[in-house]
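Chemist: What follows is run.pdb; its format and atoms are PDB, C-alpha atoms.
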```
ATOM      1  CA  MET A   1     -16.773 -15.159   1.068
ATOM      2  CA  MET A   2     -17.442 -11.564   2.098
ATOM      3  CA  TYR A   3     -15.168  -8.916   3.555
ATOM      4  CA  ILE A   4     -16.106  -6.732   6.505
ATOM      5  CA  ARG A   5     -14.744  -3.817   8.455
ATOM      6  CA  ARG A   6     -15.482  -3.339  12.150
ATOM      7  CA  ASN A   7     -15.312  -0.267  14.395
ATOM      8  CA  GLU A   8     -13.580  -0.136  17.798
ATOM      9  CA  GLN A   9     -16.686  -1.627  19.443
ATOM     10  CA  GLY A  10     -16.513  -4.660  17.127
ATOM     11  CA  GLU A  11     -19.611  -3.680  15.153
ATOM     12  CA  ILE A  12     -19.616  -4.182  11.402
ATOM     13  CA  ILE A  13     -19.577  -0.794   9.692
ATOM     14  CA  ALA A  14     -18.969  -1.875   6.081
ATOM     15  CA  ALA A  15     -19.131  -4.964   3.876
ATOM     16  CA  SER A  16     -17.670  -5.703   0.472
ATOM     17  CA  GLU A  17     -17.553  -8.511  -2.044
ATOM     18  CA  GLU A  18     -14.007  -7.389  -2.910
ATOM     19  CA  PRO A  19     -10.988  -7.496  -0.562
ATOM     20  CA  LEU A  20     -10.233  -3.932   0.535
ATOM     21  CA  ALA A  21      -7.657  -2.431   2.871
ATOM     22  CA  GLY A  22      -8.759  -2.777   6.494
ATOM     23  CA  PHE A  23     -11.345  -5.469   5.711
ATOM     24  CA  VAL A  24     -11.223  -9.091   6.885
ATOM     25  CA  ASP A  25     -12.879 -12.073   5.264
ATOM     26  CA  VAL A  26     -15.839 -13.837   6.837
ATOM     27  CA  PRO A  27     -18.163 -16.553   5.569
ATOM     28  CA  SER A  28     -21.299 -15.227   3.864
ATOM     29  CA  GLU A  29     -23.367 -17.029   6.497
ATOM     30  CA  ASP A  30     -21.723 -15.161   9.416
ATOM     31  CA  PRO A  31     -24.547 -14.095  11.808
ATOM     32  CA  ASP A  32     -23.065 -10.617  12.389
ATOM     33  CA  LEU A  33     -22.769 -10.077   8.641
ATOM     34  CA  GLN A  34     -26.331 -11.240   8.050
ATOM     35  CA  ALA A  35     -27.595  -8.871  10.776
ATOM     36  CA  PHE A  36     -25.635  -5.985   9.252
ATOM     37  CA  LEU A  37     -26.989  -6.679   5.756
ATOM     38  CA  THR A  38     -30.534  -6.927   7.118
ATOM     39  CA  SER A  39     -30.165  -3.617   8.946
ATOM     40  CA  ILE A  40     -29.007  -1.720   5.872
ATOM     41  CA  THR A  41     -31.724  -3.144   3.644
ATOM     42  CA  ALA A  42     -34.402  -2.261   6.206
ATOM     43  CA  ALA A  43     -33.733   1.473   5.789
ATOM     44  CA  GLY A  44     -36.601   3.935   5.725
ATOM     45  CA  PRO A  45     -37.752   5.703   2.549
ATOM     46  CA  ALA A  46     -35.525   8.759   2.994
ATOM     47  CA  GLU A  47     -32.427   6.661   3.671
ATOM     48  CA  SER A  48     -33.268   4.387   0.763
ATOM     49  CA  ARG A  49     -33.576   7.380  -1.597
ATOM     50  CA  LEU A  50     -30.271   8.711  -0.289
ATOM     51  CA  ARG A  51     -28.560   5.375  -1.030
ATOM     52  CA  GLU A  52     -29.984   5.391  -4.564
ATOM     53  CA  SER A  53     -28.775   8.966  -4.953
ATOM     54  CA  ASP A  54     -25.325   7.919  -3.692
ATOM     55  CA  SER A  55     -25.142   5.242  -6.364
ATOM     56  CA  ALA A  56     -26.069   7.707  -9.094
ATOM     57  CA  LEU A  57     -23.617  10.291  -7.763
ATOM     58  CA  ILE A  58     -20.831   7.712  -7.719
ATOM     59  CA  ARG A  59     -21.403   7.118 -11.440
ATOM     60  CA  VAL A  60     -21.273  10.853 -12.092
ATOM     61  CA  ILE A  61     -17.991  11.167 -10.164
ATOM     62  CA  GLU A  62     -16.504   8.189 -12.026
ATOM     63  CA  ASP A  63     -17.444   9.747 -15.356
ATOM     64  CA  LEU A  64     -16.133  13.137 -14.231
ATOM     65  CA  VAL A  65     -12.740  11.624 -13.336
ATOM     66  CA  ASP A  66     -12.702   9.837 -16.696
ATOM     67  CA  LEU A  67     -13.608  13.026 -18.575
ATOM     68  CA  LEU A  68     -11.021  15.143 -16.725
ATOM     69  CA  SER A  69      -8.283  12.597 -17.397
ATOM     70  CA  THR A  70      -9.302  12.218 -21.062
ATOM     71  CA  LYS A  71      -9.087  15.997 -21.516
ATOM     72  CA  GLY A  72      -5.691  16.063 -19.792
ATOM     73  CA  ILE A  73      -6.860  18.192 -16.863
ATOM     74  CA  ILE A  74      -5.831  15.524 -14.373
ATOM     75  CA  ARG A  75      -3.719  12.389 -14.700
ATOM     76  CA  PHE A  76      -5.324   9.155 -13.592
ATOM     77  CA  THR A  77      -1.967   8.077 -12.149
ATOM     78  CA  ASP A  78      -1.980  11.108  -9.829
ATOM     79  CA  LEU A  79      -4.905   9.604  -7.933
ATOM     80  CA  PRO A  80      -4.108   7.463  -4.875
ATOM     81  CA  ALA A  81      -3.540   3.796  -5.737
ATOM     82  CA  GLU A  82      -6.692   2.716  -3.864
ATOM     83  CA  ALA A  83      -8.788   5.217  -5.819
ATOM     84  CA  GLN A  84      -7.267   3.995  -9.089
ATOM     85  CA  ASP A  85      -8.050   0.379  -8.173
ATOM     86  CA  LYS A  86     -11.648   1.144  -7.226
ATOM     87  CA  LEU A  87     -12.247   3.209 -10.340
ATOM     88  CA  MET A  88     -10.756   0.510 -12.578
ATOM     89  CA  ILE A  89     -12.921  -2.201 -10.986
ATOM     90  CA  ARG A  90     -16.053  -0.113 -11.425
ATOM     91  CA  LYS A  91     -15.097   0.879 -14.966
ATOM     92  CA  SER A  92     -14.669  -2.795 -15.816
ATOM     93  CA  LEU A  93     -18.050  -3.669 -14.293
ATOM     94  CA  ARG A  94     -19.801  -0.793 -16.025
ATOM     95  CA  GLY A  95     -18.109  -1.671 -19.320
ATOM     96  CA  GLN A  96     -20.065  -4.913 -19.329
ATOM     97  CA  ASP A  97     -23.368  -3.002 -19.757
ATOM     98  CA  GLU A  98     -23.521   0.074 -22.005
ATOM     99  CA  HIS A  99     -26.662   1.342 -20.229
ATOM    100  CA  LEU A 100     -24.576   2.046 -17.128
ATOM    101  CA  ASN A 101     -22.434   4.682 -18.875
ATOM    102  CA  LEU A 102     -23.468   8.312 -18.608
ATOM    103  CA  ILE A 103     -21.027   9.602 -21.238
ATOM    104  CA  ASP A 104     -21.409   8.229 -24.736
ATOM    105  CA  GLU A 105     -18.639   6.323 -26.495
ATOM    106  CA  ALA A 106     -18.198   9.093 -29.087
ATOM    107  CA  GLY A 107     -16.752  11.289 -26.340
ATOM    108  CA  ASP A 108     -18.378  14.346 -27.851
ATOM    109  CA  ASP A 109     -19.801  15.540 -24.525
ATOM    110  CA  VAL A 110     -23.328  15.227 -25.918
ATOM    111  CA  PHE A 111     -25.525  13.530 -23.373
ATOM    112  CA  ASN A 112     -28.399  11.434 -24.646
ATOM    113  CA  PHE A 113     -30.937  10.860 -21.870
ATOM    114  CA  ASP A 114     -33.425   8.782 -23.898
TER     115      ASP A 114
END
```
Please, can you express the file's structure as structure tokens?

Modeler:
Amino acid sequence: MMYIRRNEQGEIIAASEEPLAGFVDVPSEDPDLQAFLTSITAAGPAESRLRESDSALIRVIEDLVDLLSTKGIIRFTDLPAEAQDKLMIRKSLRGQDEHLNLIDEAGDDVFNFD
């Protein structure tokens, strides 16, 4: 099962494996979903690099939020509930593979880019 979001014209504008606000569930074999997934994977080189950059930037932002909350500059609970949920899901997923963490477990702000 996949979850999709459509615009006013009925076109799919986003897809997710997780249920999110404003998304409806559709079978993975749905023709519109398959067309959408094909269109986003057929991106040109510049768009593909931008997507890869987005993924890396998302990790940086996640780690920044974590660092700011650890240092007491912000409170995690002050974030909107949806943001908290998304960050917790991603933190859980990233916690399953230590190579996905940009900040080391020691928390000493020393970055090892080996």

Chemist: For the provided coordinates, the residues matched by the PyMOL selection byres ((chain A and resi 88) around 12) should be stated as a PDB file with C-alpha atoms, in the coordinates of the input.

Modeler:
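Everything below was put into result_25.pdb:
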```pdb
ATOM      1  CA  GLU A  62     -16.504   8.189 -12.026  1.00  0.00           C
ATOM      2  CA  ASP A  63     -17.444   9.747 -15.356  1.00  0.00           C
ATOM      3  CA  VAL A  65     -12.740  11.624 -13.336  1.00  0.00           C
ATOM      4  CA  ASP A  66     -12.702   9.837 -16.696  1.00  0.00           C
ATOM      5  CA  PHE A  76      -5.324   9.155 -13.592  1.00  0.00           C
ATOM      6  CA  THR A  77      -1.967   8.077 -12.149  1.00  0.00           C
ATOM      7  CA  LEU A  79      -4.905   9.604  -7.933  1.00  0.00           C
ATOM      8  CA  ALA A  81      -3.540   3.796  -5.737  1.00  0.00           C
ATOM      9  CA  GLU A  82      -6.692   2.716  -3.864  1.00  0.00           C
ATOM     10  CA  ALA A  83      -8.788   5.217  -5.819  1.00  0.00           C
ATOM     11  CA  GLN A  84      -7.267   3.995  -9.089  1.00  0.00           C
ATOM     12  CA  ASP A  85      -8.050   0.379  -8.173  1.00  0.00           C
ATOM     13  CA  LYS A  86     -11.648   1.144  -7.226  1.00  0.00           C
ATOM     14  CA  LEU A  87     -12.247   3.209 -10.340  1.00  0.00           C
ATOM     15  CA  ILE A  89     -12.921  -2.201 -10.986  1.00  0.00           C
ATOM     16  CA  ARG A  90     -16.053  -0.113 -11.425  1.00  0.00           C
ATOM     17  CA  LYS A  91     -15.097   0.879 -14.966  1.00  0.00           C
ATOM     18  CA  SER A  92     -14.669  -2.795 -15.816  1.00  0.00           C
ATOM     19  CA  LEU A  93     -18.050  -3.669 -14.293  1.00  0.00           C
ATOM     20  CA  ARG A  94     -19.801  -0.793 -16.025  1.00  0.00           C
ATOM     21  CA  GLY A  95     -18.109  -1.671 -19.320  1.00  0.00           C
TER      22      GLY A  95
END
```

Chemist: What would the selection look like, as a compact mmCIF listing (two decimals) with C-alpha atoms, in the frame of the given file, if the PyMOL selection byres ((chain A and resi 13-17) around 6) were run on the coordinates I just shared?

Modeler:
```txt
# COMPACT_ATOMS: atom_id res chain seq x y z
CA MET A 2 -17.44 -11.56 2.10
CA TYR A 3 -15.17 -8.92 3.56
CA ILE A 4 -16.11 -6.73 6.50
CA ARG A 5 -14.74 -3.82 8.46
CA ARG A 6 -15.48 -3.34 12.15
CA ILE A 12 -19.62 -4.18 11.40
CA GLU A 18 -14.01 -7.39 -2.91
```

Chemist: Decode the PyMOL selection byres ((chain A and resi 25-34) around 7) for the given file into explicit residues and return them as a PDB file with C-alpha atoms, in the frame of the given file.

Modeler:
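Dumped to result05.pdb:
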```
ATOM      1  CA  MET A   1     -16.773 -15.159   1.068  1.00  0.00           C
ATOM      2  CA  MET A   2     -17.442 -11.564   2.098  1.00  0.00           C
ATOM      3  CA  TYR A   3     -15.168  -8.916   3.555  1.00  0.00           C
ATOM      4  CA  ILE A   4     -16.106  -6.732   6.505  1.00  0.00           C
ATOM      5  CA  PHE A  23     -11.345  -5.469   5.711  1.00  0.00           C
ATOM      6  CA  VAL A  24     -11.223  -9.091   6.885  1.00  0.00           C
ATOM      7  CA  ALA A  35     -27.595  -8.871  10.776  1.00  0.00           C
ATOM      8  CA  PHE A  36     -25.635  -5.985   9.252  1.00  0.00           C
ATOM      9  CA  LEU A  37     -26.989  -6.679   5.756  1.00  0.00           C
ATOM     10  CA  THR A  38     -30.534  -6.927   7.118  1.00  0.00           C
TER      11      THR A  38
END
```

Chemist: Rounded to one decimal place, report the CA of Glu52 (chain A)-CA of Ile40 (chain A) distance in Å.

Modeler: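 These atoms are spaced 12.7 Å apart.
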